[in-house]
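Colleague: So that you have it, the file is work.cif, and it contains mmCIF, C-alpha atoms:
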data_upload
#
loop_
_atom_site.label_atom_id
_atom_site.label_comp_id
_atom_site.auth_asym_id
_atom_site.auth_seq_id
_atom_site.Cartn_x
_atom_site.Cartn_y
_atom_site.Cartn_z
CA MET A 1 131.34 74.87 90.86
CA ARG A 2 131.51 73.18 94.25
CA SER A 3 131.57 76.63 95.87
CA ALA A 4 128.42 77.62 94.01
CA LYS A 5 126.68 74.38 95.10
CA ARG A 6 127.69 74.95 98.72
CA THR A 7 126.37 78.54 98.54
CA ALA A 8 123.03 77.39 97.11
CA ALA A 9 122.66 74.71 99.76
CA THR A 10 123.47 77.19 102.48
CA THR A 11 120.85 79.61 101.09
CA ARG A 12 118.19 76.89 101.02
CA ARG A 13 118.94 75.95 104.64
CA ALA A 14 118.78 79.60 105.65
CA VAL A 15 115.42 80.08 103.95
CA ARG A 16 114.03 76.97 105.59
CA GLY A 17 115.35 78.12 108.96
CA THR A 18 113.81 81.57 108.45
CA GLY A 19 110.45 79.96 107.70
CA ARG A 20 110.65 77.83 110.84
CA THR A 21 111.58 80.90 112.89
CA ALA A 22 108.88 83.12 111.37
CA ALA A 23 106.07 80.63 111.91
CA PRO A 24 106.25 80.61 115.74
CA GLY A 25 106.67 84.39 115.71
CA ALA A 26 103.55 84.86 113.58
CA ALA A 27 101.63 82.46 115.82
CA ARG A 28 102.67 84.38 118.89
CA ALA A 29 101.65 87.65 117.28
CA ALA A 30 98.26 86.23 116.30
CA LEU A 31 97.78 84.87 119.81
CA ARG A 32 98.64 88.24 121.35
CA GLU A 33 96.18 89.95 119.02
CA ALA A 34 93.42 87.47 119.85
CA LEU A 35 94.04 87.87 123.57
CA ALA A 36 93.97 91.64 123.24
CA VAL A 37 90.63 91.52 121.42
CA ALA A 38 89.19 89.16 124.03
CA ALA A 39 90.48 91.35 126.86
CA ASP A 40 88.92 94.44 125.28
CA ALA A 41 85.59 92.65 124.89
CA LEU A 42 85.65 91.44 128.49
CA ALA A 43 86.61 94.88 129.75
CA GLU A 44 83.78 96.47 127.79
CA ARG A 45 81.25 93.98 129.15
CA ALA A 46 82.59 94.35 132.69
CA ALA A 47 82.35 98.13 132.44
CA ALA A 48 78.75 97.91 131.26
CA VAL A 49 77.83 95.49 134.05
CA THR A 50 79.58 97.63 136.64
CA THR A 51 77.78 100.78 135.44
CA LYS A 52 74.39 99.05 135.50
CA ARG A 53 75.02 97.56 138.93
CA ALA A 54 76.23 100.91 140.26
CA LEU A 55 73.02 102.53 139.01
CA ASP A 56 70.95 99.78 140.63
CA LEU A 57 72.76 100.02 143.94
CA GLY A 58 72.89 103.83 144.15
CA LEU A 59 69.45 104.74 142.83
CA GLY A 60 67.82 101.64 144.31
CA SER A 61 69.15 102.42 147.79
CA ALA A 62 68.00 106.04 147.53
CA LEU A 63 64.52 105.04 146.39
CA LEU A 64 64.26 102.45 149.14
CA LEU A 65 65.24 105.02 151.76
CA LEU A 66 62.66 107.49 150.48
CA ALA A 67 59.91 104.87 150.19
CA SER A 68 60.54 103.19 153.56
CA PRO A 69 58.04 105.33 155.57
CA ALA A 70 55.26 104.72 153.05
CA LEU A 71 56.09 101.00 152.85
CA GLY A 72 56.08 100.68 156.64
CA LEU A 73 52.74 102.45 156.92
CA ALA A 74 51.24 100.33 154.15
CA ALA A 75 52.45 97.13 155.83
CA LEU A 76 50.91 98.25 159.13
CA VAL A 77 47.56 99.07 157.50
CA LEU A 78 47.52 95.71 155.69
CA ALA A 79 48.36 93.87 158.91
CA VAL A 80 45.50 95.57 160.76
CA ARG A 81 43.03 94.91 157.95
CA ARG A 82 44.06 91.26 157.69
CA GLY A 83 44.03 90.60 161.41
CA GLY A 84 47.80 90.82 161.91
CA GLY A 85 48.64 87.88 159.67
CA GLY A 86 52.13 88.36 158.28
CA GLU A 87 51.47 86.01 155.36
CA GLY A 88 48.60 88.23 154.31
CA VAL A 89 50.80 91.32 154.12
CA VAL A 90 53.62 90.02 151.92
CA ARG A 91 53.21 88.02 148.75
CA ARG A 92 55.94 85.42 148.16
CA GLU A 93 56.53 84.02 144.69
CA PRO A 94 59.29 81.80 143.28
CA ARG A 95 61.26 83.48 140.53
CA ILE A 96 64.44 82.90 138.51
CA GLY A 97 67.21 85.49 138.49
CA LEU A 98 70.59 86.08 136.88
CA GLY A 99 72.37 82.92 135.81
CA GLY A 100 69.28 80.78 136.43
CA ARG A 101 69.50 81.22 140.20
CA PRO A 102 66.11 80.89 141.97
CA PHE A 103 64.96 83.39 144.59
CA GLU A 104 61.76 84.26 146.44
CA LEU A 105 60.19 87.47 145.19
CA ARG A 106 58.51 89.38 148.02
CA SER A 107 56.14 92.29 147.57
CA LEU A 108 53.38 93.98 149.54
CA ARG A 109 49.84 92.88 148.74
CA THR A 110 48.74 96.32 147.59
CA ARG A 111 48.64 98.02 144.19
CA ARG A 112 47.92 101.50 145.53
CA PHE A 113 50.48 104.12 144.43
CA ARG A 114 52.64 101.28 143.14
CA LEU A 115 53.77 100.29 146.62
CA ASP A 116 53.99 96.65 145.57
CA LEU A 117 56.61 97.68 143.01
CA LEU A 118 58.54 99.80 145.51
CA SER A 119 58.46 97.00 148.08
CA ARG A 120 60.66 94.98 145.70
CA LEU A 121 63.52 97.46 145.98
CA PRO A 122 65.39 95.31 148.57
CA HIS A 123 65.79 92.73 145.80
CA VAL A 124 67.50 95.42 143.70
CA VAL A 125 69.88 96.36 146.50
CA ARG A 126 70.75 92.69 147.09
CA GLY A 127 71.36 92.13 143.38
CA GLU A 128 68.52 89.70 142.69
CA LEU A 129 66.75 92.27 140.51
CA SER A 130 67.78 95.25 138.46
CA LEU A 131 65.86 98.51 138.23
CA VAL A 132 65.32 97.86 134.51
CA GLY A 133 65.11 94.51 132.77
CA PRO A 134 62.76 91.80 131.53
CA PRO A 135 60.19 90.57 134.07
CA PRO A 136 61.45 87.96 136.55
CA PRO A 137 60.32 84.59 135.17
CA HIS A 138 58.52 81.90 137.10
CA PRO A 139 60.42 78.57 137.28
CA ASP A 140 57.78 77.05 134.97
CA ASP A 141 58.08 79.82 132.38
CA PRO A 142 58.70 78.17 128.97
CA ALA A 143 61.00 81.06 128.04
CA LEU A 144 63.63 79.55 130.33
CA ARG A 145 63.82 76.53 128.04
CA ASP A 146 63.41 78.34 124.74
CA PRO A 147 66.74 78.28 122.80
CA LEU A 148 66.10 81.84 121.61
CA THR A 149 65.42 83.40 125.01
CA ALA A 150 67.18 81.10 127.49
CA PRO A 151 70.58 82.87 127.10
CA TRP A 152 69.05 86.14 128.37
CA TRP A 153 68.48 84.75 131.83
CA GLN A 154 72.11 83.69 132.04
CA GLU A 155 73.43 87.19 131.29
CA LEU A 156 70.72 89.68 132.27
CA ARG A 157 69.08 90.43 135.61
CA PRO A 158 65.30 90.68 135.58
CA GLY A 159 63.97 94.10 136.48
CA LEU A 160 61.33 96.04 138.37
CA THR A 161 60.29 97.77 135.18
CA GLY A 162 61.14 97.35 131.54
CA LEU A 163 60.63 98.38 127.98
CA ALA A 164 57.48 96.25 127.70
CA GLN A 165 55.91 98.03 130.66
CA VAL A 166 56.40 101.55 129.36
CA ARG A 167 55.02 100.53 125.95
CA ALA A 168 52.10 98.57 127.41
CA ARG A 169 49.52 101.04 126.12
CA SER A 170 50.63 100.65 122.54
CA ARG A 171 48.81 98.14 120.35
CA MET A 172 51.42 98.00 117.62
CA PRO A 173 52.32 94.44 116.55
CA TRP A 174 56.01 95.07 117.19
CA ASP A 175 55.24 96.13 120.75
CA GLU A 176 54.48 92.61 121.94
CA PRO A 177 56.22 92.04 125.31
CA ALA A 178 58.40 89.23 123.98
CA LEU A 179 59.71 91.38 121.13
CA LEU A 180 60.34 94.33 123.44
CA ASP A 181 62.18 92.13 125.93
CA ALA A 182 64.29 90.77 123.06
CA HIS A 183 65.09 94.30 121.90
CA TYR A 184 66.12 95.33 125.41
CA ALA A 185 68.28 92.24 125.87
CA GLU A 186 70.19 93.08 122.68
CA HIS A 187 70.48 96.86 123.08
CA HIS A 188 70.38 97.58 126.82
CA GLY A 189 72.61 100.30 128.18
CA THR A 190 72.69 103.13 130.71
CA GLY A 191 70.98 105.60 128.37
CA LEU A 192 68.11 103.24 127.63
CA ASP A 193 67.77 102.35 131.32
CA LEU A 194 67.50 106.00 132.33
CA ALA A 195 64.93 106.66 129.61
CA ILE A 196 62.83 103.69 130.74
CA LEU A 197 63.05 104.77 134.38
CA ALA A 198 61.98 108.31 133.52
CA ARG A 199 59.07 107.05 131.44
CA THR A 200 58.04 104.63 134.19
CA ALA A 201 58.04 107.39 136.81
CA HIS A 202 55.96 109.61 134.53
CA ILE A 203 53.39 106.87 133.85
CA GLN A 204 53.10 105.83 137.49
CA LEU A 205 52.79 109.42 138.73
CA ARG A 206 50.13 110.25 136.16
CA THR A 207 48.19 107.05 136.87
CA SER A 208 48.43 107.52 140.64
CA LEU A 209 47.10 111.10 140.41
CA ARG A 210 44.28 109.89 138.20
CA GLY A 211 43.54 107.13 140.72
CA VAL A 212 43.44 109.67 143.57
CA ARG A 213 40.90 111.75 141.67
CA ARG A 214 38.77 108.65 141.04
CA GLY A 215 39.26 107.29 144.53
CA LYS A 216 41.41 104.32 143.52
CA ALA A 217 44.69 103.48 141.82
CA SER A 218 44.23 100.93 139.08
CA LEU A 219 47.54 100.12 137.43
CA SER A 220 48.93 97.53 135.05
CA ASP A 221 50.75 94.57 136.59
CA THR A 222 54.47 94.73 137.31
CA ASP A 223 55.24 91.67 135.22
CA HIS A 224 55.30 94.02 132.18
CA ARG A 225 52.60 92.13 130.30
CA LEU A 226 49.93 93.87 128.28
CA PRO A 227 46.48 94.23 129.90
CA GLY A 228 44.45 91.08 129.37
CA CYS A 229 47.42 88.74 128.93
CA SER A 230 47.40 85.65 131.12
CA ARG A 231 50.06 85.26 133.78
CA VAL A 232 52.37 82.30 134.02
CA ASP A 233 51.64 81.74 137.69
#
For the structure just supplied, provide its representation as structure tokens.
Modeller:
Amino acid sequence: MRSAKRTAATTRRAVRGTGRTAAPGAARAALREALAVAADALAERAAAVTTKRALDLGLGSALLLLASPALGLAALVLAVRRGGGGEGVVRREPRIGLGGRPFELRSLRTRRFRLDLLSRLPHVVRGELSLVGPPPPHPDDPALRDPLTAPWWQELRPGLTGLAQVRARSRMPWDEPALLDAHYAEHHGTGLDLAILARTAHIQLRTSLRGVRRGKASLSDTDHRLPGCSRVD
């Protein structure tokens, strides 16, 4: 009888010991699994950011190299027309970039052949802008303080062109710039960026050729807003 009681007591102690041993092991396993999931998520985000930045740096540098002669000539013509005043050649505007960091957006004071857009390519090379993204907001833009849109500016670089710009001619209610910017912020990727860049090049080339035939180049603004919308600044 005593032997049976001792055996039962020993079994209970063993079971309790097993439970105490298993609990830390399960916790460690759960921790390892959580860390693995977090690492995978961070790696996926880092890969996406690296791909987007590589596209910006490579294609942006190539475009800047190709556009440099035209930009230099345009700056010279503007300087001569404006009496050599440097302030009259370059427009300087305060803007907010990735992570809420302010920067000064510089662009040529010309709309012809979209040279004002191309003159912003140094911002892309430096990392202040991306080739594709929402428009760079002014420091007074209410979107920077809107709980629904404020997180975008912490995680996404503003761009030279964007989804709202290539859909600017559409009058569909779901093609409002704010909705298109929200869609891009949630679904952006290399494929979408390339599609937007191709569509932008097509629109600008077609509009420039039409402007040459008419003797002028009248294009929509680079802030991606629909024609007739008021500007923040």
Colleague: Take the PyMOL selection byres ((chain A and resi 123-128) around 9), run it mentally on this structure, and tell me the resulting residues as a list in words.
Modeller: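 This file, filtered by the PyMOL selection byres ((chain A and resi 123-128) around 9), leaves Arg53, Asp56, Leu57, Gly58, Gly60, Ser61, Leu64, Ile96, Gly97, Leu98, Arg101, Phe103, Leu105, Arg106, Ser119, Arg120, Leu121, Pro122, Leu129, Ser130, Leu131, Arg157, Pro158, Gly159 and Leu160 of chain A.
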Colleague: Hey, which bits of segment 92-159 of chain A sit within 9 Å of segment 175-193 of chain A, and for each residue what's the closest pair of atoms and how far apart in Å (one decimal), counting all atoms listed in the file, rows by chain and increasing number, as a Markdown table?
Modeller:
| residue | atom | partner | partner_atom | distance |
| --- | --- | --- | --- | --- |
| A:Leu131 | CA | A:Asp193 | CA | 8.1 |
| A:Val132 | CA | A:Asp193 | CA | 6.0 |
| A:Gly133 | CA | A:Tyr184 | CA | 7.5 |
| A:Pro134 | CA | A:Asp181 | CA | 5.6 |
| A:Pro135 | CA | A:Asp181 | CA | 8.5 |
| A:Thr149 | CA | A:Ala182 | CA | 7.7 |
| A:Trp152 | CA | A:Ala185 | CA | 6.6 |
| A:Leu156 | CA | A:Ala185 | CA | 7.3 |
Colleague: Pick out the residues sitting within 10 Å of Pro137 of chain A, and hand them over as a list in words; count only C-alpha atoms, and ignore anything fewer than 3 positions along from it in its own chain.
Modeller: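 Once the nearby chain positions are removed, what remains is Pro94, Arg95, Ile96, Gly97, Gly100, Pro102, Pro134, Asp140, Asp141, Pro142, Ala143, Leu144, Trp153, Pro158, Asp223, Val232 and Asp233 of chain A.
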Colleague: Based on the selection just made, write C-alpha atoms of those residues as a PDB file, in the frame of the given file.
Modeller:
ATOM      1  CA  PRO A  94      59.290  81.800 143.280  1.00  0.00           C
ATOM      2  CA  ARG A  95      61.260  83.480 140.530  1.00  0.00           C
ATOM      3  CA  ILE A  96      64.440  82.900 138.510  1.00  0.00           C
ATOM      4  CA  GLY A  97      67.210  85.490 138.490  1.00  0.00           C
ATOM      5  CA  GLY A 100      69.280  80.780 136.430  1.00  0.00           C
ATOM      6  CA  PRO A 102      66.110  80.890 141.970  1.00  0.00           C
ATOM      7  CA  PRO A 134      62.760  91.800 131.530  1.00  0.00           C
ATOM      8  CA  ASP A 140      57.780  77.050 134.970  1.00  0.00           C
ATOM      9  CA  ASP A 141      58.080  79.820 132.380  1.00  0.00           C
ATOM     10  CA  PRO A 142      58.700  78.170 128.970  1.00  0.00           C
ATOM     11  CA  ALA A 143      61.000  81.060 128.040  1.00  0.00           C
ATOM     12  CA  LEU A 144      63.630  79.550 130.330  1.00  0.00           C
ATOM     13  CA  TRP A 153      68.480  84.750 131.830  1.00  0.00           C
ATOM     14  CA  PRO A 158      65.300  90.680 135.580  1.00  0.00           C
ATOM     15  CA  ASP A 223      55.240  91.670 135.220  1.00  0.00           C
ATOM     16  CA  VAL A 232      52.370  82.300 134.020  1.00  0.00           C
ATOM     17  CA  ASP A 233      51.640  81.740 137.690  1.00  0.00           C
TER      18      ASP A 233
END
Colleague: Name the closest residue to Gly72 of chain A among the candidates A:Ala195, A:Val89, A:Ala27, A:Leu148; distances are taken between atoms, counting all atoms listed in the file.
Modeller: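 For Gly72 of chain A, the nearest of the given residues is A:Val89.
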Colleague: Using all atoms listed in the file, which of the listed residues (A:His138, A:Gln204, A:Pro151, A:Ala79) sits closest to Val166 of chain A?
Modeller: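 Once distances to Val166 of chain A are computed over all atoms listed in the file, the minimum belongs to A:Gln204.
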Colleague: Going by the chain IDs and residue numbers used in this file, which residues fall under the PyMOL selection byres ((chain A and resi 199) around 12)? Write them as a count of residues only.
Modeller: 23
Colleague: What does the structure give for the distance between atom CA of Arg114 of chain A and atom CA of Thr207 of chain A, in Å to one decimal?
Modeller: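 Atom CA of Arg114 of chain A sits 9.6 Å away from atom CA of Thr207 of chain A.
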Colleague: Just to confirm, what's the straight-line distance from atom CA of Pro147 of chain A to atom CA of Leu117 of chain A in Å (one decimal)?
Modeller: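 Separating atom CA of Pro147 of chain A from atom CA of Leu117 of chain A is a distance of 29.8 Å.
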Colleague: What is the atom CA of Leu108 of chain A-atom CA of Gly88 of chain A distance in Å, reported with one decimal?
Modeller: 8.9 Å
Colleague: Just say which residues the PyMOL selection byres ((chain A and resi 71) around 9) picks in this file, as a list in words.
Modeller: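 With the PyMOL selection byres ((chain A and resi 71) around 9) on this model, the match is Ala67, Ser68, Pro69, Ala70, Gly72, Leu73, Ala74, Ala75, Leu76, Leu108, Leu115, Asp116, Leu118 and Ser119 of chain A.
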Colleague: Need the axis-aligned box for segment 136-152 of chain A with 4 Å each side, so what are the centre and edges in Å to one decimal, as JSON?
Modeller:
{"center_x": 64.2, "center_y": 82.2, "center_z": 129.4, "size_x": 20.8, "size_y": 19.4, "size_z": 23.7}
